[in-house]
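Participant: You'll find my_file.cif just under this line, and it carries mmCIF, C-alpha atoms.
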```cif
data_start
loop_
_atom_site.label_atom_id
_atom_site.label_comp_id
_atom_site.auth_asym_id
_atom_site.auth_seq_id
_atom_site.Cartn_x
_atom_site.Cartn_y
_atom_site.Cartn_z
CA MET T 1304 19.30 -16.17 -13.70
CA ALA T 1305 17.86 -13.78 -16.24
CA ALA T 1306 19.47 -10.32 -16.30
CA LEU T 1307 16.72 -7.69 -16.02
CA PRO T 1308 18.38 -4.40 -15.07
CA ALA T 1309 15.38 -2.13 -15.74
CA PHE T 1310 13.08 -4.52 -13.89
CA ASP T 1311 15.51 -4.68 -10.96
CA ARG T 1312 15.63 -0.87 -10.80
CA LEU T 1313 11.82 -0.78 -10.60
CA VAL T 1314 11.89 -3.38 -7.81
CA ALA T 1315 14.53 -1.32 -5.96
CA ALA T 1316 12.45 1.87 -6.31
CA LEU T 1317 9.36 0.07 -4.96
CA GLU T 1318 11.35 -1.44 -2.08
CA GLY T 1319 12.20 2.09 -0.99
CA LEU T 1320 8.54 2.71 -0.14
CA PRO T 1321 7.35 2.31 3.47
CA GLY T 1322 5.85 -1.09 4.28
CA ILE T 1323 6.97 -2.64 0.98
CA GLY T 1324 9.39 -5.54 1.47
CA PRO T 1325 11.43 -7.33 -1.19
CA LYS T 1326 8.68 -9.85 -1.99
CA SER T 1327 5.90 -7.24 -2.24
CA ALA T 1328 8.14 -5.03 -4.37
CA ARG T 1329 8.71 -7.87 -6.81
CA ARG T 1330 5.00 -8.76 -6.93
CA LEU T 1331 4.09 -5.10 -7.52
CA ALA T 1332 6.71 -4.81 -10.28
CA TYR T 1333 5.38 -7.86 -12.13
CA TYR T 1334 1.87 -6.48 -11.75
CA LEU T 1335 2.77 -3.00 -12.99
CA LEU T 1336 4.56 -4.43 -16.03
CA ALA T 1337 1.68 -6.73 -16.93
CA ALA T 1338 -0.97 -4.02 -16.35
CA PRO T 1339 -2.53 -2.37 -19.39
CA GLU T 1340 -0.90 0.92 -20.41
CA HIS T 1341 -3.84 3.04 -19.19
CA GLU T 1342 -3.62 1.55 -15.70
CA ALA T 1343 0.14 2.02 -15.26
CA GLY T 1344 -0.24 5.46 -16.83
CA ALA T 1345 -3.09 6.35 -14.46
CA LEU T 1346 -0.92 5.61 -11.44
CA ALA T 1347 1.97 7.73 -12.73
CA ALA T 1348 -0.47 10.53 -13.66
CA ALA T 1349 -2.23 10.40 -10.27
CA LEU T 1350 1.15 10.68 -8.53
CA ALA T 1351 2.26 13.62 -10.67
CA GLU T 1352 -1.11 15.38 -10.29
CA ALA T 1353 -1.26 14.89 -6.53
CA ARG T 1354 2.30 16.18 -6.15
CA GLU T 1355 1.40 19.16 -8.33
CA ARG T 1356 -1.83 20.04 -6.54
CA THR T 1357 -1.17 19.34 -2.89
CA ARG T 1358 0.81 21.59 -0.65
CA SER T 1359 1.26 22.26 3.02
CA CYS T 1360 -1.29 24.66 4.59
CA THR T 1361 0.55 27.87 5.53
CA ILE T 1362 -1.36 28.06 8.83
CA CYS T 1363 -1.44 24.47 10.14
CA HIS T 1364 0.93 22.61 7.73
CA ALA T 1365 -1.68 19.94 6.98
CA LEU T 1366 -1.77 18.49 3.48
CA THR T 1367 -4.11 20.60 1.37
CA GLU T 1368 -5.11 21.48 -2.18
CA THR T 1369 -6.24 24.99 -1.19
CA ASP T 1370 -4.43 27.46 1.03
CA PRO T 1371 -5.40 27.92 3.82
CA CYS T 1372 -6.80 24.37 4.10
CA ASN T 1373 -10.51 23.58 4.42
CA ILE T 1374 -10.19 23.14 8.16
CA CYS T 1375 -8.33 26.40 8.85
CA SER T 1376 -10.82 28.32 6.69
CA ASP T 1377 -13.94 26.61 8.11
CA PRO T 1378 -15.76 29.22 10.27
CA THR T 1379 -17.64 26.48 12.16
CA ARG T 1380 -14.47 24.97 13.65
CA ASP T 1381 -13.64 25.88 17.23
CA ARG T 1382 -10.71 28.32 17.08
CA ARG T 1383 -10.11 28.07 20.81
CA LEU T 1384 -8.99 24.44 20.61
CA LEU T 1385 -5.79 23.43 18.81
CA ALA T 1386 -4.58 19.84 18.34
CA VAL T 1387 -0.85 19.39 17.78
CA VAL T 1388 -0.04 16.27 15.72
CA GLU T 1389 3.18 14.78 14.39
CA ASP T 1390 2.25 14.24 10.75
CA ALA T 1391 -0.27 15.40 8.18
CA ALA T 1392 -1.60 11.82 8.15
CA ASP T 1393 -2.62 12.19 11.81
CA VAL T 1394 -5.06 14.98 10.87
CA TYR T 1395 -6.97 12.44 8.81
CA VAL T 1396 -6.92 9.90 11.66
CA LEU T 1397 -8.41 12.41 14.13
CA GLU T 1398 -10.91 13.77 11.57
CA ARG T 1399 -12.22 10.24 11.06
CA THR T 1400 -13.46 10.14 14.67
CA ARG T 1401 -15.77 13.11 13.89
CA GLU T 1402 -15.31 14.07 17.55
CA PHE T 1403 -12.70 16.78 17.30
CA ARG T 1404 -14.10 20.17 16.33
CA GLY T 1405 -11.00 22.33 16.87
CA ARG T 1406 -8.18 23.07 14.50
CA TYR T 1407 -4.75 21.52 13.94
CA HIS T 1408 -1.06 22.21 13.95
CA VAL T 1409 1.22 19.69 12.22
CA LEU T 1410 4.74 19.51 13.70
CA ALA T 1411 6.08 17.51 10.75
CA GLY T 1412 8.06 15.18 12.99
CA VAL T 1413 9.08 14.71 16.60
CA LEU T 1414 12.05 15.77 18.66
CA ALA T 1415 14.80 13.18 18.28
CA PRO T 1416 18.09 14.44 19.66
CA LEU T 1417 19.89 11.21 18.72
CA ARG T 1418 18.97 11.78 15.08
CA GLY T 1419 19.81 15.46 15.38
CA ILE T 1420 16.18 16.65 15.16
CA GLY T 1421 15.54 19.64 17.40
CA PRO T 1422 12.70 22.19 17.74
CA ASP T 1423 14.07 24.27 14.84
CA ASP T 1424 13.56 21.32 12.48
CA LEU T 1425 9.86 21.13 13.38
CA ASN T 1426 6.97 23.61 13.05
CA VAL T 1427 7.39 24.67 16.66
CA ALA T 1428 8.13 28.40 16.28
CA ASP T 1429 4.86 29.16 14.50
CA LEU T 1430 2.92 26.94 16.93
CA VAL T 1431 4.22 29.13 19.75
CA ALA T 1432 3.39 32.23 17.67
CA ARG T 1433 -0.19 31.01 17.06
CA VAL T 1434 -0.66 30.75 20.84
CA GLU T 1435 1.36 33.80 21.88
CA ARG T 1436 0.33 36.34 19.24
CA PRO T 1437 -2.98 35.19 17.75
CA SER T 1438 -4.65 37.18 14.96
CA GLU T 1439 -7.93 38.81 15.94
CA GLY T 1440 -10.58 36.25 16.93
CA GLU T 1441 -8.02 33.44 16.81
CA ALA T 1442 -7.11 33.23 20.51
CA VAL T 1443 -6.29 29.66 21.54
CA GLU T 1444 -7.52 28.51 24.97
CA GLU T 1445 -6.51 24.85 24.91
CA VAL T 1446 -3.68 23.01 23.13
CA LEU T 1447 -4.22 19.25 22.88
CA LEU T 1448 -0.84 17.54 22.41
CA ALA T 1449 -1.81 14.60 20.20
CA THR T 1450 1.68 13.26 19.48
CA ASN T 1451 2.06 9.48 19.54
CA PRO T 1452 2.14 7.71 22.93
CA ASN T 1453 5.72 6.47 22.47
CA VAL T 1454 9.06 7.71 23.82
CA GLU T 1455 9.68 10.39 21.17
CA GLY T 1456 6.04 11.53 21.07
CA GLU T 1457 5.91 11.80 24.88
CA SER T 1458 9.14 13.77 25.17
CA THR T 1459 8.01 16.09 22.36
CA ALA T 1460 4.73 16.64 24.23
CA LEU T 1461 6.63 17.38 27.47
CA TYR T 1462 8.85 19.88 25.66
CA LEU T 1463 5.87 21.63 24.07
CA ALA T 1464 3.98 21.72 27.38
CA ARG T 1465 6.94 23.54 28.95
CA ARG T 1466 6.98 26.06 26.10
CA LEU T 1467 3.21 26.64 25.99
CA LYS T 1468 2.06 26.60 29.63
CA PRO T 1469 3.86 29.87 30.52
CA LEU T 1470 1.75 31.54 27.81
CA GLY T 1471 -1.36 30.99 29.98
CA VAL T 1472 -2.97 28.36 27.78
CA LYS T 1473 -4.48 25.06 28.99
CA VAL T 1474 -2.34 22.12 27.76
CA THR T 1475 -3.88 18.65 27.49
CA ARG T 1476 -2.80 15.20 26.29
CA LEU T 1477 -4.78 12.32 24.76
CA ALA T 1478 -5.92 9.77 27.37
CA LEU T 1479 -3.94 6.54 27.58
CA GLY T 1480 -5.63 3.27 28.48
CA LEU T 1481 -7.09 0.08 27.14
CA PRO T 1482 -8.19 0.06 23.52
CA VAL T 1483 -11.96 -0.38 23.10
CA GLY T 1484 -12.83 -4.02 22.46
CA ALA T 1485 -9.57 -5.30 23.96
CA ALA T 1486 -9.31 -7.86 26.77
CA LEU T 1487 -7.42 -7.13 30.02
CA GLU T 1488 -5.61 -10.42 29.54
CA PHE T 1489 -3.85 -9.18 26.40
CA ALA T 1490 -2.97 -5.68 27.59
CA ASP T 1491 0.72 -4.94 28.18
CA GLU T 1492 1.68 -3.85 31.72
CA VAL T 1493 2.51 -0.27 30.80
CA THR T 1494 -0.84 0.30 29.10
CA LEU T 1495 -2.68 -1.37 31.97
CA SER T 1496 -0.94 0.72 34.63
CA ARG T 1497 -1.67 3.90 32.61
CA SER T 1498 -5.26 2.74 32.41
CA LEU T 1499 -5.38 2.22 36.19
CA SER T 1500 -3.86 5.58 37.06
CA GLY T 1501 -6.25 7.28 34.62
CA ARG T 1502 -9.37 5.51 36.00
CA ARG T 1503 -12.57 7.55 35.99
CA GLU T 1504 -15.64 7.52 38.19
CA ILE T 1505 -18.79 6.44 36.39
CA MET N 376 -12.95 16.60 6.63
CA ALA N 377 -10.54 18.26 4.23
CA ALA N 378 -11.41 17.88 0.54
CA LEU N 379 -8.37 16.51 -1.28
CA PRO N 380 -9.56 15.21 -4.67
CA ALA N 381 -6.11 14.78 -6.25
CA PHE N 382 -4.82 13.08 -3.11
CA ASP N 383 -7.85 10.79 -3.04
CA ARG N 384 -7.28 9.83 -6.68
CA LEU N 385 -3.68 8.87 -5.85
CA VAL N 386 -4.92 6.77 -2.90
CA ALA N 387 -7.47 5.08 -5.18
CA ALA N 388 -4.79 4.31 -7.80
CA LEU N 389 -2.51 2.80 -5.13
CA GLU N 390 -5.38 0.77 -3.66
CA GLY N 391 -5.77 -0.88 -7.06
CA LEU N 392 -2.35 -2.55 -6.64
CA PRO N 393 -2.16 -6.15 -5.37
CA GLY N 394 -1.59 -6.48 -1.64
CA ILE N 395 -2.16 -2.76 -0.98
CA GLY N 396 -5.14 -2.14 1.32
CA PRO N 397 -6.79 1.20 2.10
CA LYS N 398 -4.46 1.98 5.02
CA SER N 399 -1.26 1.09 3.14
CA ALA N 400 -2.47 3.10 0.13
CA ARG N 401 -2.98 6.17 2.31
CA ARG N 402 0.40 5.76 4.01
CA LEU N 403 2.11 5.36 0.64
CA ALA N 404 0.34 8.43 -0.72
CA TYR N 405 1.46 10.62 2.19
CA TYR N 406 4.97 9.26 1.77
CA LEU N 407 5.07 9.88 -1.98
CA LEU N 408 3.82 13.44 -1.54
CA ALA N 409 6.34 14.22 1.19
CA ALA N 410 9.23 12.57 -0.67
CA PRO N 411 11.78 14.83 -2.38
CA GLU N 412 11.11 15.40 -6.09
CA HIS N 413 14.03 13.22 -7.23
CA GLU N 414 12.70 10.24 -5.26
CA ALA N 415 9.12 10.43 -6.53
CA GLY N 416 10.49 11.14 -9.99
CA ALA N 417 12.82 8.14 -9.78
CA LEU N 418 9.90 5.82 -9.07
CA ALA N 419 7.87 7.15 -12.01
CA ALA N 420 10.95 6.97 -14.27
CA ALA N 421 11.80 3.42 -13.14
CA LEU N 422 8.23 2.35 -13.94
CA ALA N 423 8.25 3.97 -17.37
CA GLU N 424 11.71 2.58 -18.19
CA ALA N 425 10.87 -0.95 -17.04
CA ARG N 426 7.64 -0.91 -19.08
CA GLU N 427 9.59 0.37 -22.07
CA ARG N 428 12.42 -2.16 -21.85
CA THR N 429 10.80 -5.38 -20.70
CA ARG N 430 8.82 -7.62 -22.97
CA SER N 431 7.66 -11.21 -23.10
CA CYS N 432 10.20 -13.69 -24.54
CA THR N 433 8.83 -14.93 -27.89
CA ILE N 434 9.93 -18.49 -27.06
CA CYS N 435 9.01 -19.01 -23.38
CA HIS N 436 6.94 -15.85 -22.56
CA ALA N 437 9.08 -15.05 -19.51
CA LEU N 438 9.72 -11.41 -18.69
CA THR N 439 12.85 -10.28 -20.50
CA GLU N 440 14.80 -7.26 -21.69
CA THR N 441 16.34 -9.19 -24.61
CA ASP N 442 14.56 -11.49 -27.05
CA PRO N 443 14.93 -14.43 -26.77
CA CYS N 444 15.50 -14.22 -23.02
CA ASN N 445 18.81 -15.06 -21.32
CA ILE N 446 17.55 -18.50 -20.34
CA CYS N 447 16.26 -19.50 -23.79
CA SER N 448 19.49 -18.31 -25.41
CA ASP N 449 21.81 -19.89 -22.81
CA PRO N 450 23.55 -22.86 -24.50
CA THR N 451 24.38 -24.45 -21.12
CA ARG N 452 20.70 -24.95 -20.18
CA ASP N 453 19.27 -28.42 -20.67
CA ARG N 454 16.99 -28.23 -23.71
CA ARG N 455 15.50 -31.64 -23.02
CA LEU N 456 13.75 -30.45 -19.83
CA LEU N 457 10.93 -27.91 -19.94
CA ALA N 458 9.18 -26.46 -16.84
CA VAL N 459 5.67 -25.11 -17.38
CA VAL N 460 4.76 -22.32 -14.94
CA GLU N 461 1.72 -20.12 -14.47
CA ASP N 462 3.35 -16.69 -14.35
CA ALA N 463 6.59 -14.96 -15.29
CA ALA N 464 7.16 -14.43 -11.56
CA ASP N 465 7.34 -18.22 -11.07
CA VAL N 466 10.42 -18.36 -13.31
CA TYR N 467 12.23 -16.20 -10.77
CA VAL N 468 11.03 -18.39 -7.89
CA LEU N 469 12.36 -21.57 -9.53
CA GLU N 470 15.61 -19.89 -10.64
CA ARG N 471 16.27 -18.90 -7.07
CA THR N 472 16.57 -22.58 -6.06
CA ARG N 473 19.56 -22.89 -8.47
CA GLU N 474 18.44 -26.52 -8.92
CA PHE N 475 16.55 -26.35 -12.17
CA ARG N 476 18.80 -26.41 -15.24
CA GLY N 477 16.14 -26.82 -17.94
CA ARG N 478 14.14 -24.14 -19.72
CA TYR N 479 10.70 -22.63 -19.14
CA HIS N 480 7.31 -22.08 -20.67
CA VAL N 481 5.05 -19.46 -19.08
CA LEU N 482 1.33 -20.16 -19.49
CA ALA N 483 0.34 -16.65 -18.39
CA GLY N 484 -2.53 -17.93 -16.25
CA VAL N 485 -4.43 -21.10 -15.44
CA LEU N 486 -7.54 -22.72 -16.83
CA ALA N 487 -10.56 -21.29 -15.04
CA PRO N 488 -13.79 -22.25 -16.81
CA LEU N 489 -15.91 -20.31 -14.30
CA ARG N 490 -14.06 -17.12 -15.22
CA GLY N 491 -14.22 -18.04 -18.89
CA ILE N 492 -10.48 -18.75 -19.21
CA GLY N 493 -9.82 -21.67 -21.57
CA PRO N 494 -6.69 -23.08 -23.28
CA ASP N 495 -6.92 -20.49 -26.07
CA ASP N 496 -6.47 -17.70 -23.50
CA LEU N 497 -3.18 -19.22 -22.31
CA ASN N 498 0.13 -19.99 -24.05
CA VAL N 499 -0.90 -23.61 -24.59
CA ALA N 500 -0.77 -23.89 -28.39
CA ASP N 501 2.89 -22.96 -28.63
CA LEU N 502 3.75 -25.18 -25.66
CA VAL N 503 2.28 -28.11 -27.60
CA ALA N 504 4.17 -26.94 -30.70
CA ARG N 505 7.48 -26.78 -28.79
CA VAL N 506 7.00 -30.43 -27.81
CA GLU N 507 5.42 -31.69 -31.03
CA ARG N 508 7.52 -29.90 -33.66
CA PRO N 509 10.80 -28.85 -32.02
CA SER N 510 13.45 -26.92 -33.97
CA GLU N 511 16.68 -28.82 -34.61
CA GLY N 512 18.45 -29.73 -31.37
CA GLU N 513 15.49 -28.54 -29.29
CA ALA N 514 13.72 -31.86 -28.72
CA VAL N 515 11.99 -31.95 -25.32
CA GLU N 516 12.12 -35.21 -23.37
CA GLU N 517 10.46 -34.20 -20.11
CA VAL N 518 7.83 -31.56 -19.30
CA LEU N 519 7.66 -30.62 -15.61
CA LEU N 520 4.22 -29.15 -14.86
CA ALA N 521 5.08 -26.61 -12.17
CA THR N 522 1.67 -24.96 -11.83
CA ASN N 523 0.55 -24.14 -8.29
CA PRO N 524 -0.67 -27.01 -6.06
CA ASN N 525 -4.21 -25.63 -5.79
CA VAL N 526 -7.46 -26.53 -7.56
CA GLU N 527 -6.89 -24.44 -10.70
CA GLY N 528 -3.20 -25.30 -10.93
CA GLU N 529 -3.92 -29.01 -10.54
CA SER N 530 -6.66 -29.10 -13.14
CA THR N 531 -4.49 -27.11 -15.55
CA ALA N 532 -1.69 -29.65 -15.00
CA LEU N 533 -4.11 -32.54 -15.63
CA TYR N 534 -5.33 -30.91 -18.85
CA LEU N 535 -1.75 -30.33 -20.08
CA ALA N 536 -0.72 -33.90 -19.18
CA ARG N 537 -3.56 -35.20 -21.36
CA ARG N 538 -2.42 -33.01 -24.26
CA LEU N 539 1.31 -33.75 -23.94
CA LYS N 540 1.55 -37.45 -23.02
CA PRO N 541 0.27 -38.64 -26.43
CA LEU N 542 3.24 -36.80 -27.98
CA GLY N 543 5.57 -39.34 -26.35
CA VAL N 544 7.10 -36.98 -23.81
CA LYS N 545 7.63 -37.73 -20.10
CA VAL N 546 5.30 -35.53 -18.02
CA THR N 547 6.15 -34.83 -14.35
CA ARG N 548 4.72 -32.75 -11.52
CA LEU N 549 6.40 -31.05 -8.53
CA ALA N 550 6.39 -33.23 -5.40
CA LEU N 551 3.81 -32.40 -2.74
CA GLY N 552 4.58 -32.88 0.93
CA LEU N 553 5.64 -31.20 4.12
CA PRO N 554 7.52 -27.93 3.81
CA VAL N 555 11.10 -28.18 5.07
CA GLY N 556 11.36 -26.97 8.66
CA ALA N 557 7.66 -27.52 9.36
CA ALA N 558 6.23 -29.61 12.20
CA LEU N 559 3.82 -32.52 11.56
CA GLU N 560 1.56 -31.01 14.20
CA PHE N 561 0.85 -27.94 12.09
CA ALA N 562 0.45 -29.63 8.70
CA ASP N 563 -3.06 -29.69 7.22
CA GLU N 564 -4.57 -33.11 6.53
CA VAL N 565 -4.42 -32.82 2.74
CA THR N 566 -0.72 -31.96 2.72
CA LEU N 567 0.01 -34.70 5.24
CA SER N 568 -1.83 -37.37 3.24
CA ARG N 569 -0.03 -36.25 0.05
CA SER N 570 3.20 -36.47 1.98
CA LEU N 571 2.32 -40.00 3.14
CA SER N 572 1.37 -41.27 -0.31
CA GLY N 573 4.54 -39.75 -1.77
CA ARG N 574 6.84 -41.27 0.89
CA ARG N 575 10.30 -42.32 -0.27
CA GLU N 576 12.71 -45.01 0.85
CA ILE N 577 15.92 -43.65 2.35
#
```
I need this file expressed as structure tokens, please.
Facilitator:
Amino acid sequence: MAALPAFDRLVAALEGLPGIGPKSARRLAYYLLAAPEHEAGALAAALAEARERTRSCTICHALTETDPCNICSDPTRDRRLLAVVEDAADVYVLERTREFRGRYHVLAGVLAPLRGIGPDDLNVADLVARVERPSEGEAVEEVLLATNPNVEGESTALYLARRLKPLGVKVTRLALGLPVGAALEFADEVTLSRSLSGRREI
Amino acid sequence: MAALPAFDRLVAALEGLPGIGPKSARRLAYYLLAAPEHEAGALAAALAEARERTRSCTICHALTETDPCNICSDPTRDRRLLAVVEDAADVYVLERTREFRGRYHVLAGVLAPLRGIGPDDLNVADLVARVERPSEGEAVEEVLLATNPNVEGESTALYLARRLKPLGVKVTRLALGLPVGAALEFADEVTLSRSLSGRREI
């Protein structure tokens, strides 16, 4: 077998990325080595530039290239409604629906006691502050807990609800149920029972 | 929607990579921006170093960090047997079997008249030269055409067989048939008929 230490280090670095397995890492490495200099250079430059220019919004912690971010500084967004999400990527996912007109607060993770992640490791303190001591004209009336519908996301939502409700704010959660376009036949039991209990009159 | 031009350029650069779709590109971008500096830096450094150190072997065109490559310069490899493969990555795939003890010749592509790729665009001339005018002690007795078993790979193999057979060398092709561990029921008709016509006495 040919000894290619520099190549193997590139494969190892690529394998460290999320969703990239050993085979993809190797394919990417061959591609990046065969690519013309300007293409490989463009990728490295785009990475360096994006790391240089993007930061976390000081108000909502979303990924931004200005501070505060475009959403926090947009006067047409509804300041009374605040969506709490796990990651900066979730802001993009919700924005894509074009349905949500409030603002965001990125936790940067979820509570995970087994991994030693508590409220102090997340952006919880300033979420509470945004609700408890809003700046003028920034009073929040509803907090939508849009953490993921899995064990950690649910327990994080429960924890936040207990912290926020005493402050007199309405606390809501995303609806659970069948995905649009799905068939009953292929739904798992938990989703189907959540869908039943959340049934709505039409 | 937040305006993130530098972030979008990074996503676009990642989307240009093979096997990376829009969703993976976005996930990778968020990951690379959130990663600690040493990790993002390590990836960029590994890419630059691998591009700097690896080159194409002047004998077989495989990816190498020495020239000639470890395989071409290994005196224990069988010089009489030469495997012709499409890409440098295929060398690794065959090496992994630990069955092939000959040497390699990387075509760097396949014949594809519709895309304007002819023999002059591939490493065909020096393949013919290796067989026709070998250096001392380098005489090739068998050329195994290990191009992919698809339309372009097959027609490239046919073309090479026509060029090489008149030079008095034995020309072979990888066996086609059922993959090990597969069930007859799930084999496509073409593979099954190839498997039938290539049946062997046991």
Participant: Would you list the contacts of Glu1435 of chain T as a list in words, taking every protein, DNA or RNA residue within 12 Å and counting all atoms listed in the file, but skipping same-chain residues closer than 4 positions in sequence?
Facilitator: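 Near neighbours after the sequence-gap exclusion: Ala1428, Asp1429, Leu1430, Val1431, Glu1441, Ala1442, Val1443, Glu1444, Val1446, Arg1466, Leu1467, Lys1468, Pro1469, Leu1470, Gly1471 and Val1472 of chain T.
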Participant: Give me the residues within 7 Å of Ala425 of chain N as a ChimeraX atom specification, counting all atoms listed in the file and dropping any in the same chain fewer than 6 places off.
Facilitator: /T:1309-1310,1313
Participant: Show me, as a ChimeraX atom specification, the residues of chain N whose atoms get within 9 Å of chain T, using all atoms listed in the file for the distance check.
Facilitator: /N:376-386,388-389,392-394,399,401-409,412,414-430,438-441,444-446,463-464,467,470-471,473
Participant: Measure the distance from atom CA of Leu1384 of chain T to atom CA of Glu1445 of chain T in Å and round it to one decimal.
Facilitator: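 About the pair atom CA of Leu1384 of chain T and atom CA of Glu1445 of chain T: they are 5.0 Å apart.
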Participant: What is the distance, in Å and to one decimal place, between atom CA of Val459 of chain N and atom CA of Gly477 of chain N?
Facilitator: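 Pair atom CA of Val459 of chain N / atom CA of Gly477 of chain N returns 10.6 Å.
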Participant: Hey, can you check how far atom CA of Val1483 of chain T sits from atom CA of Ser1458 of chain T?
Facilitator: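 According to the coordinates, atom CA of Val1483 of chain T and atom CA of Ser1458 of chain T are separated by 25.5 Å.
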Participant: Determine the residue membership of the PyMOL selection byres ((chain N and resi 549) around 9) for the file above and supply it as a list in words.
Facilitator: Leu519, Leu520, Ala521, Thr522, Pro524, Thr547, Arg548, Ala550 and Leu551 of chain N
Participant: Only C-alpha atoms, please: the residues just picked out, written as a PDB file, in the frame of the given file.
Facilitator:
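Below is the file again-v8.pdb, written as the result:
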```pdb
ATOM      1  CA  LEU N 519       7.660 -30.620 -15.610  1.00  0.00           C
ATOM      2  CA  LEU N 520       4.220 -29.150 -14.860  1.00  0.00           C
ATOM      3  CA  ALA N 521       5.080 -26.610 -12.170  1.00  0.00           C
ATOM      4  CA  THR N 522       1.670 -24.960 -11.830  1.00  0.00           C
ATOM      5  CA  PRO N 524      -0.670 -27.010  -6.060  1.00  0.00           C
ATOM      6  CA  THR N 547       6.150 -34.830 -14.350  1.00  0.00           C
ATOM      7  CA  ARG N 548       4.720 -32.750 -11.520  1.00  0.00           C
ATOM      8  CA  ALA N 550       6.390 -33.230  -5.400  1.00  0.00           C
ATOM      9  CA  LEU N 551       3.810 -32.400  -2.740  1.00  0.00           C
TER      10      LEU N 551
END
```
Participant: Go through the shown structure with the PyMOL selection byres ((chain N and resi 553) around 10) and write out the matching residues as an NGL selection string.
Facilitator: :N and (550-552 or 554-559 or 561-563 or 566-571)
Participant: How would you write, as a list in words, the residues chosen by the PyMOL selection byres ((chain N and resi 485-490) around 7) on this structure?
Facilitator: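 Going through the file, the PyMOL selection byres ((chain N and resi 485-490) around 7) ends up selecting Glu461, Gly484, Gly491, Ile492, Gly493, Pro494, Glu527, Gly528 and Thr531 of chain N.
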Participant: Which of these residues is nearest to Glu529 of chain N, using only C-alpha atoms: N:Arg454, N:Val460, N:Glu390, N:Cys435?
Facilitator: N:Val460
